[in-house]
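Trainee: As input, take my_file29.csv (CSV, C-alpha atoms and all ligand atoms):
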```csv
chain,number,residue,atom,x,y,z
A,1,MET,CA,31.3,-7.0,-1.0
A,2,SER,CA,28.8,-4.1,-0.4
A,3,ALA,CA,28.5,-1.5,-3.1
A,4,VAL,CA,27.6,1.1,-0.5
A,5,GLU,CA,28.4,1.3,3.2
A,6,VAL,CA,27.0,4.2,5.2
A,7,SER,CA,27.7,4.4,8.9
A,8,GLY,CA,26.5,7.1,11.4
A,9,LEU,CA,26.0,9.6,8.5
A,10,ARG,CA,25.2,13.2,9.7
A,11,LYS,CA,24.4,16.5,8.0
A,12,GLN,CA,23.1,19.7,9.6
A,13,TYR,CA,21.9,22.9,8.1
A,14,GLY,CA,21.9,25.9,10.4
A,15,GLY,CA,22.2,23.7,13.5
A,16,VAL,CA,19.3,21.5,12.4
A,17,SER,CA,20.0,17.8,11.7
A,18,VAL,CA,18.6,16.8,8.3
A,19,VAL,CA,20.5,13.5,8.2
A,20,ASP,CA,20.8,12.0,11.6
A,21,ASP,CA,23.0,9.0,12.4
A,22,LEU,CA,22.0,7.1,9.2
A,23,SER,CA,23.5,3.7,8.7
A,24,PHE,CA,22.8,1.2,5.9
A,25,SER,CA,24.5,-0.9,3.3
A,26,ILE,CA,23.6,-1.8,-0.3
A,27,GLU,CA,24.8,-5.1,-1.7
A,28,GLN,CA,26.3,-5.3,-5.2
A,29,GLY,CA,23.5,-6.1,-7.7
A,30,GLU,CA,20.8,-4.9,-5.3
A,31,ILE,CA,18.0,-2.5,-6.1
A,32,PHE,CA,17.6,-0.4,-3.0
A,33,ALA,CA,14.9,2.2,-2.5
A,34,LEU,CA,15.1,5.2,-0.2
A,35,LEU,CA,11.6,6.3,0.8
A,36,GLY,CA,10.4,9.1,3.0
A,37,PRO,CA,8.1,12.2,3.1
A,38,ASN,CA,9.1,15.5,1.6
A,39,GLY,CA,12.0,17.0,3.4
A,40,ALA,CA,13.0,13.7,5.1
A,41,GLY,CA,16.6,14.0,4.0
A,42,LYS,CA,16.7,11.6,1.0
A,43,THR,CA,18.2,14.0,-1.5
A,44,THR,CA,20.7,15.2,1.0
A,45,ALA,CA,21.8,11.6,1.8
A,46,VAL,CA,21.9,10.6,-1.9
A,47,GLU,CA,23.9,13.7,-2.9
A,48,ILE,CA,26.5,12.9,-0.1
A,49,LEU,CA,26.8,9.4,-1.6
A,50,GLU,CA,27.2,10.9,-5.1
A,51,GLY,CA,30.0,13.2,-3.8
A,52,HIS,CA,27.9,16.4,-4.4
A,53,ARG,CA,27.6,17.4,-0.8
A,54,ARG,CA,29.9,17.2,2.2
A,55,ARG,CA,28.9,15.3,5.3
A,56,ASP,CA,29.3,16.6,8.9
A,57,GLY,CA,30.0,13.1,10.4
A,58,GLY,CA,30.0,9.4,9.8
A,59,THR,CA,31.7,7.3,7.2
A,60,VAL,CA,30.6,6.6,3.6
A,61,ASP,CA,32.1,4.0,1.2
A,62,VAL,CA,30.7,3.9,-2.3
A,63,LEU,CA,32.3,1.3,-4.7
A,64,GLY,CA,35.4,1.4,-2.4
A,65,PHE,CA,35.7,5.2,-2.6
A,66,ASP,CA,35.0,8.0,-0.2
A,67,PRO,CA,32.8,10.1,-2.5
A,68,GLU,CA,34.3,13.4,-1.1
A,69,THR,CA,37.8,12.5,-2.4
A,70,GLY,CA,37.1,9.9,-5.1
A,71,GLY,CA,37.3,12.4,-8.0
A,72,ARG,CA,37.1,11.3,-11.6
A,73,PRO,CA,37.8,7.6,-11.1
A,74,PHE,CA,34.8,7.5,-8.8
A,75,ARG,CA,32.5,9.6,-11.0
A,76,GLU,CA,33.3,7.4,-14.0
A,77,ARG,CA,31.8,4.4,-12.2
A,78,ILE,CA,28.5,5.9,-11.1
A,79,GLY,CA,25.6,7.1,-13.2
A,80,ILE,CA,23.2,9.7,-12.0
A,81,VAL,CA,19.7,10.2,-13.3
A,82,LEU,CA,18.3,13.5,-11.9
A,83,GLN,CA,14.8,14.7,-11.9
A,84,GLU,CA,15.6,17.8,-13.8
A,85,ALA,CA,18.9,17.6,-15.5
A,86,GLY,CA,19.6,20.8,-17.4
A,87,PHE,CA,21.1,20.5,-20.9
A,88,ASP,CA,21.2,22.3,-24.2
A,89,GLU,CA,17.8,22.0,-25.7
A,90,ASP,CA,19.0,22.5,-29.3
A,91,PHE,CA,20.8,19.1,-29.3
A,92,THR,CA,19.1,16.1,-30.7
A,93,VAL,CA,18.5,13.1,-28.5
A,94,ALA,CA,21.2,11.1,-30.4
A,95,GLU,CA,23.7,14.0,-30.2
A,96,LEU,CA,23.2,14.4,-26.5
A,97,VAL,CA,23.5,10.7,-25.7
A,98,ARG,CA,26.8,10.6,-27.8
A,99,LEU,CA,28.1,13.6,-26.0
A,100,TYR,CA,27.6,12.0,-22.6
A,101,ARG,CA,29.0,8.7,-23.9
A,102,GLY,CA,32.2,10.5,-24.7
A,103,LEU,CA,32.7,11.4,-21.0
A,104,TYR,CA,33.1,7.8,-19.9
A,105,PRO,CA,35.8,5.3,-20.5
A,106,ARG,CA,33.4,2.3,-20.3
A,107,ARG,CA,30.4,3.0,-22.4
A,108,LEU,CA,27.4,1.4,-24.1
A,109,ALA,CA,26.4,1.8,-27.8
A,110,ALA,CA,24.4,5.1,-28.0
A,111,ASP,CA,21.8,3.6,-30.4
A,112,ALA,CA,21.2,0.6,-28.2
A,113,VAL,CA,20.6,2.8,-25.1
A,114,ILE,CA,18.2,5.1,-27.0
A,115,GLU,CA,16.4,2.0,-28.2
A,116,GLN,CA,16.3,0.6,-24.6
A,117,VAL,CA,14.6,3.6,-23.2
A,118,GLY,CA,12.1,3.7,-26.0
A,119,LEU,CA,13.3,6.8,-27.8
A,120,ALA,CA,14.4,5.3,-31.1
A,121,ASP,CA,11.8,7.2,-33.1
A,122,LYS,CA,12.9,10.4,-31.4
A,123,ALA,CA,16.6,10.0,-31.9
A,124,LYS,CA,16.8,12.9,-34.4
A,125,ALA,CA,14.4,15.1,-32.5
A,126,ARG,CA,15.6,18.2,-30.7
A,127,VAL,CA,15.4,18.0,-26.9
A,128,LYS,CA,13.2,21.0,-26.8
A,129,THR,CA,10.5,19.2,-28.8
A,130,LEU,CA,10.3,16.2,-26.4
A,131,SER,CA,7.3,15.7,-24.0
A,132,GLY,CA,7.9,15.6,-20.3
A,133,GLY,CA,7.9,11.8,-20.2
A,134,GLN,CA,10.2,11.6,-23.2
A,135,ARG,CA,12.7,13.9,-21.4
A,136,ARG,CA,12.7,11.6,-18.4
A,137,ARG,CA,13.5,8.7,-20.7
A,138,LEU,CA,16.3,10.7,-22.1
A,139,ASP,CA,17.6,11.4,-18.6
A,140,LEU,CA,17.6,7.6,-18.1
A,141,ALA,CA,19.6,7.1,-21.3
A,142,LEU,CA,22.2,9.7,-20.2
A,143,GLY,CA,22.6,7.9,-16.8
A,144,LEU,CA,23.0,4.5,-18.5
A,145,VAL,CA,25.3,5.3,-21.4
A,146,GLY,CA,28.5,5.4,-19.3
A,147,ASP,CA,27.8,1.8,-18.3
A,148,PRO,CA,27.9,2.6,-14.5
A,149,GLU,CA,28.3,0.0,-11.8
A,150,LEU,CA,26.0,2.0,-9.5
A,151,LEU,CA,23.1,4.0,-10.8
A,152,PHE,CA,21.4,6.7,-8.8
A,153,LEU,CA,17.8,7.0,-9.9
A,154,ASP,CA,15.8,10.0,-8.6
A,155,GLU,CA,12.1,9.5,-9.1
A,156,PRO,CA,12.7,7.9,-12.5
A,157,THR,CA,9.1,7.6,-13.6
A,158,THR,CA,7.5,10.9,-12.6
A,159,GLY,CA,5.4,12.0,-15.5
A,160,PHE,CA,5.5,8.7,-17.3
A,161,ASP,CA,2.3,7.3,-18.9
A,162,PRO,CA,1.4,3.8,-17.6
A,163,SER,CA,3.0,1.9,-20.4
A,164,ALA,CA,6.2,3.9,-20.3
A,165,ARG,CA,6.3,3.3,-16.6
A,166,LEU,CA,6.1,-0.5,-17.1
A,167,ARG,CA,8.8,-0.3,-19.7
A,168,ALA,CA,11.1,1.7,-17.4
A,169,TRP,CA,10.5,-0.9,-14.7
A,170,ASP,CA,11.6,-3.6,-17.1
A,171,LEU,CA,14.7,-1.6,-17.9
A,172,VAL,CA,15.6,-1.2,-14.2
A,173,GLN,CA,15.0,-4.9,-13.6
A,174,GLY,CA,17.2,-5.6,-16.6
A,175,LEU,CA,20.0,-3.7,-14.8
A,176,ARG,CA,19.8,-6.1,-11.9
A,177,GLN,CA,20.4,-9.0,-14.3
A,178,LEU,CA,23.5,-7.2,-15.6
A,179,GLY,CA,24.8,-7.0,-12.0
A,180,LYS,CA,24.3,-3.3,-11.6
A,181,THR,CA,23.5,-1.7,-8.3
A,182,VAL,CA,20.6,0.8,-8.2
A,183,LEU,CA,19.8,3.3,-5.5
A,184,LEU,CA,16.3,4.5,-6.2
A,185,THR,CA,14.4,7.4,-4.6
A,186,THR,CA,10.7,7.4,-5.3
A,187,HIS,CA,7.4,8.6,-3.9
A,188,TYR,CA,5.6,5.8,-5.7
A,189,LEU,CA,5.2,3.0,-3.2
A,190,ASP,CA,4.0,0.6,-5.9
A,191,GLU,CA,7.2,1.3,-7.8
A,192,ALA,CA,9.4,0.5,-4.7
A,193,GLU,CA,7.3,-2.6,-4.0
A,194,HIS,CA,7.7,-3.8,-7.6
A,195,LEU,CA,11.4,-2.9,-8.1
A,196,ALA,CA,13.2,-2.9,-4.8
A,197,ASP,CA,14.9,-5.8,-3.2
A,198,ARG,CA,15.0,-3.7,0.0
A,199,VAL,CA,13.7,-0.4,1.1
A,200,ALA,CA,14.8,2.1,3.7
A,201,VAL,CA,12.3,4.5,5.2
A,202,ILE,CA,13.7,7.8,6.4
A,203,VAL,CA,11.7,10.3,8.5
A,204,ARG,CA,13.3,13.6,9.7
A,205,GLY,CA,16.7,12.3,8.7
A,206,ARG,CA,16.5,9.1,10.7
A,207,LEU,CA,16.1,5.5,9.5
A,208,VAL,CA,12.7,4.2,10.8
A,209,ALA,CA,12.5,0.9,8.8
A,210,LEU,CA,14.8,-1.2,6.6
A,211,GLY,CA,13.9,-4.5,4.9
A,212,THR,CA,12.3,-6.2,2.0
A,213,PRO,CA,8.9,-4.6,0.9
A,214,ALA,CA,7.2,-7.9,2.0
A,215,ASP,CA,8.9,-7.8,5.4
A,216,LEU,CA,8.0,-4.2,6.0
A,217,ALA,CA,4.4,-4.8,4.9
A,218,ALA,CA,4.1,-7.9,7.2
A,219,ALA,CA,5.7,-6.1,10.2
A,220,GLN,CA,2.8,-3.6,10.5
A,221,GLN,CA,-0.6,-5.4,10.4
A,222,SER,CA,-1.5,-8.9,9.2
A,223,ALA,CA,-4.5,-7.8,7.1
A,224,VAL,CA,-6.5,-5.0,5.7
A,225,VAL,CA,-10.3,-5.5,5.6
A,226,SER,CA,-12.2,-3.2,3.3
A,227,PHE,CA,-15.9,-2.8,2.6
A,228,ARG,CA,-18.6,-0.3,1.6
A,229,LEU,CA,-21.4,0.7,3.8
A,230,PRO,CA,-24.9,-0.4,3.0
A,231,PRO,CA,-26.7,2.5,1.2
A,232,ASP,CA,-28.8,3.4,4.3
A,233,ALA,CA,-26.0,3.3,6.9
A,234,THR,CA,-23.4,5.8,8.0
A,235,ILE,CA,-20.0,5.0,9.5
A,236,GLY,CA,-21.3,5.9,12.9
A,237,ASP,CA,-23.8,3.0,12.8
A,238,LEU,CA,-20.9,0.4,12.8
A,239,PRO,CA,-20.1,-1.5,16.0
A,240,VAL,CA,-16.8,-0.6,17.7
A,241,LEU,CA,-14.1,-2.3,15.6
A,242,GLY,CA,-11.0,-1.4,17.7
A,243,PRO,CA,-8.9,0.3,15.0
A,244,ARG,CA,-10.8,3.2,13.3
A,245,PRO,CA,-11.8,2.6,9.7
A,246,ILE,CA,-10.2,5.0,7.2
A,247,ALA,CA,-12.0,6.2,4.1
A,248,HIS,CA,-10.5,5.2,0.8
A,249,GLY,CA,-12.6,6.6,-2.0
A,250,ALA,CA,-16.0,5.0,-1.6
A,251,ASP,CA,-14.5,2.2,0.5
A,252,TRP,CA,-13.7,2.0,4.2
A,253,GLU,CA,-10.5,0.2,5.2
A,254,VAL,CA,-9.5,-1.1,8.6
A,255,ALA,CA,-6.1,-2.7,9.4
A,256,THR,CA,-6.1,-5.5,11.8
A,257,ASP,CA,-4.1,-8.4,13.2
A,258,HIS,CA,-7.4,-10.3,13.6
A,259,PRO,CA,-9.1,-10.4,10.2
A,260,ALA,CA,-11.4,-13.3,11.0
A,261,ALA,CA,-12.8,-11.6,14.1
A,262,MET,CA,-13.1,-8.3,12.2
A,263,VAL,CA,-15.0,-9.9,9.3
A,264,HIS,CA,-17.2,-11.7,11.8
A,265,THR,CA,-18.1,-8.4,13.6
A,266,LEU,CA,-18.8,-6.6,10.4
A,267,THR,CA,-20.8,-9.4,8.7
A,268,GLY,CA,-22.7,-10.0,12.0
A,269,TRP,CA,-23.7,-6.4,12.1
A,270,ALA,CA,-24.8,-6.3,8.5
A,271,LEU,CA,-26.8,-9.5,8.7
A,272,GLY,CA,-28.3,-8.4,12.0
A,273,ARG,CA,-29.8,-5.3,10.2
A,274,GLY,CA,-30.8,-7.4,7.1
A,275,SER,CA,-28.3,-5.8,4.7
A,276,GLU,CA,-25.2,-6.7,2.7
A,277,LEU,CA,-21.7,-5.4,3.0
A,278,PRO,CA,-20.8,-4.5,-0.6
A,279,ALA,CA,-17.2,-4.9,-1.8
A,280,LEU,CA,-16.1,-6.8,1.3
A,281,SER,CA,-12.5,-8.0,1.0
A,282,VAL,CA,-9.5,-9.0,3.0
A,283,ARG,CA,-6.1,-8.4,1.6
A,284,ARG,CA,-2.5,-8.5,2.7
A,285,PRO,CA,-1.1,-5.1,3.6
A,286,SER,CA,0.8,-3.4,0.8
A,287,LEU,CA,4.1,-1.5,1.2
A,288,GLU,CA,1.9,1.6,1.0
A,289,ASP,CA,-0.2,0.6,4.0
A,290,ALA,CA,3.0,-0.1,6.0
A,291,TYR,CA,4.7,3.1,4.9
A,292,LEU,CA,1.8,5.3,5.9
A,293,ALA,CA,1.6,3.5,9.3
A,294,LEU,CA,5.3,4.0,9.8
A,295,ILE,CA,5.2,7.7,8.9
A,296,GLU,CA,2.3,8.2,11.2
A,297,GLN,CA,4.1,6.5,14.1
A,298,ALA,CA,7.4,8.4,13.5
A,299,ALA,CA,5.8,11.8,12.9
A,300,PRO,CA,2.1,12.0,13.8
A,301,ALA,CA,0.0,14.3,11.6
A,302,GLY,CA,0.1,17.8,13.0
A,303,THR,CA,3.8,17.5,14.1
A,304,ARG,CA,5.1,17.4,10.5
A,305,PRO,CA,6.5,20.5,8.9
B,1,LIG,N1,21.3,23.6,1.0
B,1,LIG,C1,20.5,23.6,2.0
B,1,LIG,N2,20.4,24.6,3.0
B,1,LIG,C2,19.6,24.5,4.0
B,1,LIG,N3,18.6,23.5,4.2
B,1,LIG,C3,18.6,22.5,3.3
B,1,LIG,C4,19.5,22.5,2.2
B,1,LIG,N4,19.3,21.4,1.5
B,1,LIG,C5,18.3,20.7,2.1
B,1,LIG,N5,17.9,21.4,3.2
B,1,LIG,C6,16.8,21.0,4.1
B,1,LIG,O1,17.1,19.7,4.5
B,1,LIG,C7,15.9,18.9,4.7
B,1,LIG,C8,15.9,17.7,3.8
B,1,LIG,O2,15.9,18.0,2.5
B,1,LIG,P1,16.0,16.9,1.3
B,1,LIG,O3,16.0,17.7,0.0
B,1,LIG,O4,17.2,16.1,1.6
B,1,LIG,O5,14.7,16.1,1.5
B,1,LIG,P2,14.0,15.0,0.6
B,1,LIG,O6,13.7,13.8,1.5
B,1,LIG,O7,14.8,14.7,-0.6
B,1,LIG,O8,12.6,15.7,0.2
B,1,LIG,P3,11.7,15.5,-1.2
B,1,LIG,O9,11.0,14.3,-1.1
B,1,LIG,O10,10.8,16.7,-1.0
B,1,LIG,O11,12.6,15.7,-2.4
B,1,LIG,C9,14.7,19.9,4.3
B,1,LIG,O12,14.2,20.4,5.5
B,1,LIG,C10,15.4,21.0,3.5
B,1,LIG,O13,14.8,22.2,3.6
```
In structure tokens, what does this structure look like?
Ligand SMILES: Nc1ncnc2c1ncn2[C@@H]1O[C@H](COP(=O)(O)OP(=O)(O)OP(=O)(O)O)[C@@H](O)[C@H]1O
Mentor:
Amino acid sequence: MSAVEVSGLRKQYGGVSVVDDLSFSIEQGEIFALLGPNGAGKTTAVEILEGHRRRDGGTVDVLGFDPETGGRPFRERIGIVLQEAGFDEDFTVAELVRLYRGLYPRRLAADAVIEQVGLADKAKARVKTLSGGQRRRLDLALGLVGDPELLFLDEPTTGFDPSARLRAWDLVQGLRQLGKTVLLTTHYLDEAEHLADRVAVIVRGRLVALGTPADLAAAQQSAVVSFRLPPDATIGDLPVLGPRPIAHGADWEVATDHPAAMVHTLTGWALGRGSELPALSVRRPSLEDAYLALIEQAAPAGTRP
């Protein structure tokens, strides 16, 4: 059975569609990521699924409930981790986790959750003394303590240092092993690639791609060739490669379905002028490569708000 079924979902503000005929389903135990540029409609869609906004059209089933009418029995089965949850800053971490725990009939041990998110040494600290990353970990603890079947995670690792981020990823992956379903929104493509079983890409309220990160990456181009120019060359000196190389720091990258021919052209040019091509590499496209290509196709630069 699906944890979430969305069909033909619509929402308008002032006559403008911000969610436009959106359909997808999320299986139980799946980690599902919603991706899209700023203003794409992700938050609107997620808040409709959480029961915090009303839809204008379509059907939504979350854990067997219509979120608009599910009431308390529905809310007790979901967990929401917001980017900026407001709470009383004078509480300590342990107090706040216990307070939230008291709101749910099914619950986890407060100390275990605090430990899980890596805040054990801050359990007695007041919320106002926490760093930004520690607050985000507290948000995660508050979302988990009611032992939800479905967890909404809104940009869960923004502001985390790299090791806290890996730890949060482990935690989210641990949720999958417990059979929990996770709906993740994130702007970090590596996070979605690492965590999500499937991703949906939304642009201007419409679904433009849905699949596993590997499928999405493979659907765009078969390879990315990257290289640096010889010190005495400029990009204009290169032979015509078909697709235009794109600057990536000191490197140039070109996406292609014909990596062998591309490398042949590039190395032939370099050898012909008696130089090397530093840092030449061929790699499989990442989810980020595919995402950027999808966004560009759906809303070319210059047409975006
Ligand atoms: N209450 C509202 N009234 C009017 N317009 C709104 C309202 N809420 C959202 N919008 C508009 O709907 C569009 C989608 O917003 P939404 O917050 O869902 O995007 P998002 O994909 O979550 O963006 P971000 O990545 O920036 O968080 C935006 O153009 C936004 O201005």
Trainee: At a cut-off of 10 Å, can you tabulate as CSV every residue of stretch 14-118 of chain A near stretch 286-296 of chain A together with its closest atom pair and the distance in Å to one decimal, using all atoms listed in the file and ordering rows by chain then number?
Mentor:
```
residue,atom,partner,partner_atom,distance
A:Leu35,CA,A:Tyr291,CA,8.6
A:Gly36,CA,A:Ile295,CA,8.0
A:Pro37,CA,A:Ile295,CA,7.9
```
Trainee: Need the shell around A:Glu155: protein/DNA/RNA residues with any atom at most 8 Å away, counting all atoms listed in the file. Skip same-chain ones fewer than 5 positions apart. Format as a VMD selection string?
Mentor: chain A and resid 82 to 83 184 to 187
Trainee: Using all atoms listed in the file, what are the residues with an atom within 7 Å of ligand LIG 1 (chain B), set out as JSON, numbers by chain?
Mentor: {"A": [13, 14, 18, 36, 37, 38, 39, 40, 41, 42, 43, 44, 45]}
Trainee: Hey, could you make a per-residue contact list for stretch 14-58 of chain A against stretch 165-174 of chain A with 12 Å as the cut-off, showing the nearest pair of atoms and its distance in Å to one decimal, counting all atoms listed in the file, sorted by chain and number, as a tab-separated table?
Mentor:
```
residue	atom	partner	partner_atom	distance
A:Gly29	CA	A:Gln173	CA	10.4
A:Glu30	CA	A:Gln173	CA	10.1
A:Ile31	CA	A:Gln173	CA	8.4
A:Phe32	CA	A:Val172	CA	11.4
```
Trainee: For A:Leu195, which residue among A:Leu266, A:Pro156, A:Ala33, A:Arg137 is the nearest when counting only C-alpha atoms?
Mentor: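 Distance minimum relative to A:Leu195 lands on A:Ala33.
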Trainee: Point out the residue among A:Leu151, A:Val46, A:Leu22, A:Val127 with the least atom-to-atom distance to A:Gly79, counting only C-alpha atoms.
Mentor: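 Looking only at the distances to A:Gly79, the closest residue turns out to be A:Leu151.
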Trainee: Excluding same-chain residues fewer than 6 positions from A:Ile48, what lies within 8 Å of it counting only C-alpha atoms, as a PDB file with C-alpha atoms, keeping the file's coordinate frame?
Mentor:
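See result26.pdb below for the written result:
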```
ATOM      1  CA  ARG A  54      29.900  17.200   2.200  1.00  0.00           C
ATOM      2  CA  ARG A  55      28.900  15.300   5.300  1.00  0.00           C
ATOM      3  CA  PRO A  67      32.800  10.100  -2.500  1.00  0.00           C
ATOM      4  CA  GLU A  68      34.300  13.400  -1.100  1.00  0.00           C
TER       5      GLU A  68
END
```
Trainee: Counting all atoms listed in the file, which residues have an atom no more than 9 Å from (26.3, 7.6, 12.1) in the file's coordinates? Please list them as a list in words.
Mentor: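 The residues near that point, listed by chain and number, are Val6, Ser7, Gly8, Leu9, Arg10, Asp20, Asp21, Leu22, Ser23, Gly57, Gly58 and Thr59 of chain A.
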Trainee: Could you pull the residues within 10 Å of A:Gly118, counting all atoms listed in the file, minus those fewer than 3 positions along the same chain, as a list in words?
Mentor: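 Counting only the stated atoms, we get Ala112, Val113, Ile114, Glu115, Asp121, Lys122, Ala123, Gln134, Arg137, Leu138, Ala141, Ala164, Arg167 and Ala168 of chain A.
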Trainee: If we count all atoms listed in the file and set the cut-off at 12 Å, which residues sit around A:Ala261, ignoring sequence neighbours fewer than 6 positions away in its own chain? Please answer as a list of chain:residue names.
Mentor: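 Contacts, in chain order: A:Ala223, A:Val225, A:Leu241, A:Gly242, A:Thr267, A:Gly268, A:Val282.
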Trainee: Go ahead and compute the interatomic distance for atom CA of A:Lys180 and atom CA of A:Glu149, in Å to one decimal.
Mentor: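 It comes out at 5.2 Å.
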Trainee: Which residue, A:Leu140, A:Leu153, A:Leu229, A:Val208, has the smallest gap to A:Thr181 when you use all atoms listed in the file?
Mentor: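 Under the stated criterion, the closest residue is A:Leu153.
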Trainee: Extract, using all atoms listed in the file, all DNA, RNA and protein residues at most 9 Å from A:Pro245, discarding same-chain residues fewer than 2 positions from it, and format them as a list in words.
Mentor: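 Here the answer would be Ser226, Ile235, Leu241, Gly242, Pro243, Ala247, Trp252, Glu253, Val254 and Ala255 of chain A.
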Trainee: Let's have the selection written as a PDB file, in the coordinates of the input, with C-alpha atoms.
Mentor:
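As written to disk, again05.pdb reads:
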```pdb
ATOM      1  CA  SER A 226     -12.200  -3.200   3.300  1.00  0.00           C
ATOM      2  CA  ILE A 235     -20.000   5.000   9.500  1.00  0.00           C
ATOM      3  CA  LEU A 241     -14.100  -2.300  15.600  1.00  0.00           C
ATOM      4  CA  GLY A 242     -11.000  -1.400  17.700  1.00  0.00           C
ATOM      5  CA  PRO A 243      -8.900   0.300  15.000  1.00  0.00           C
ATOM      6  CA  ALA A 247     -12.000   6.200   4.100  1.00  0.00           C
ATOM      7  CA  TRP A 252     -13.700   2.000   4.200  1.00  0.00           C
ATOM      8  CA  GLU A 253     -10.500   0.200   5.200  1.00  0.00           C
ATOM      9  CA  VAL A 254      -9.500  -1.100   8.600  1.00  0.00           C
ATOM     10  CA  ALA A 255      -6.100  -2.700   9.400  1.00  0.00           C
TER      11      ALA A 255
END
```
Trainee: Between A:Val93, A:Arg206, A:Gly132, A:Gln297, which one has atoms that come closest to A:Ala120, using all atoms listed in the file?
Mentor: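 Looking only at the distances to A:Ala120, the closest residue turns out to be A:Val93.
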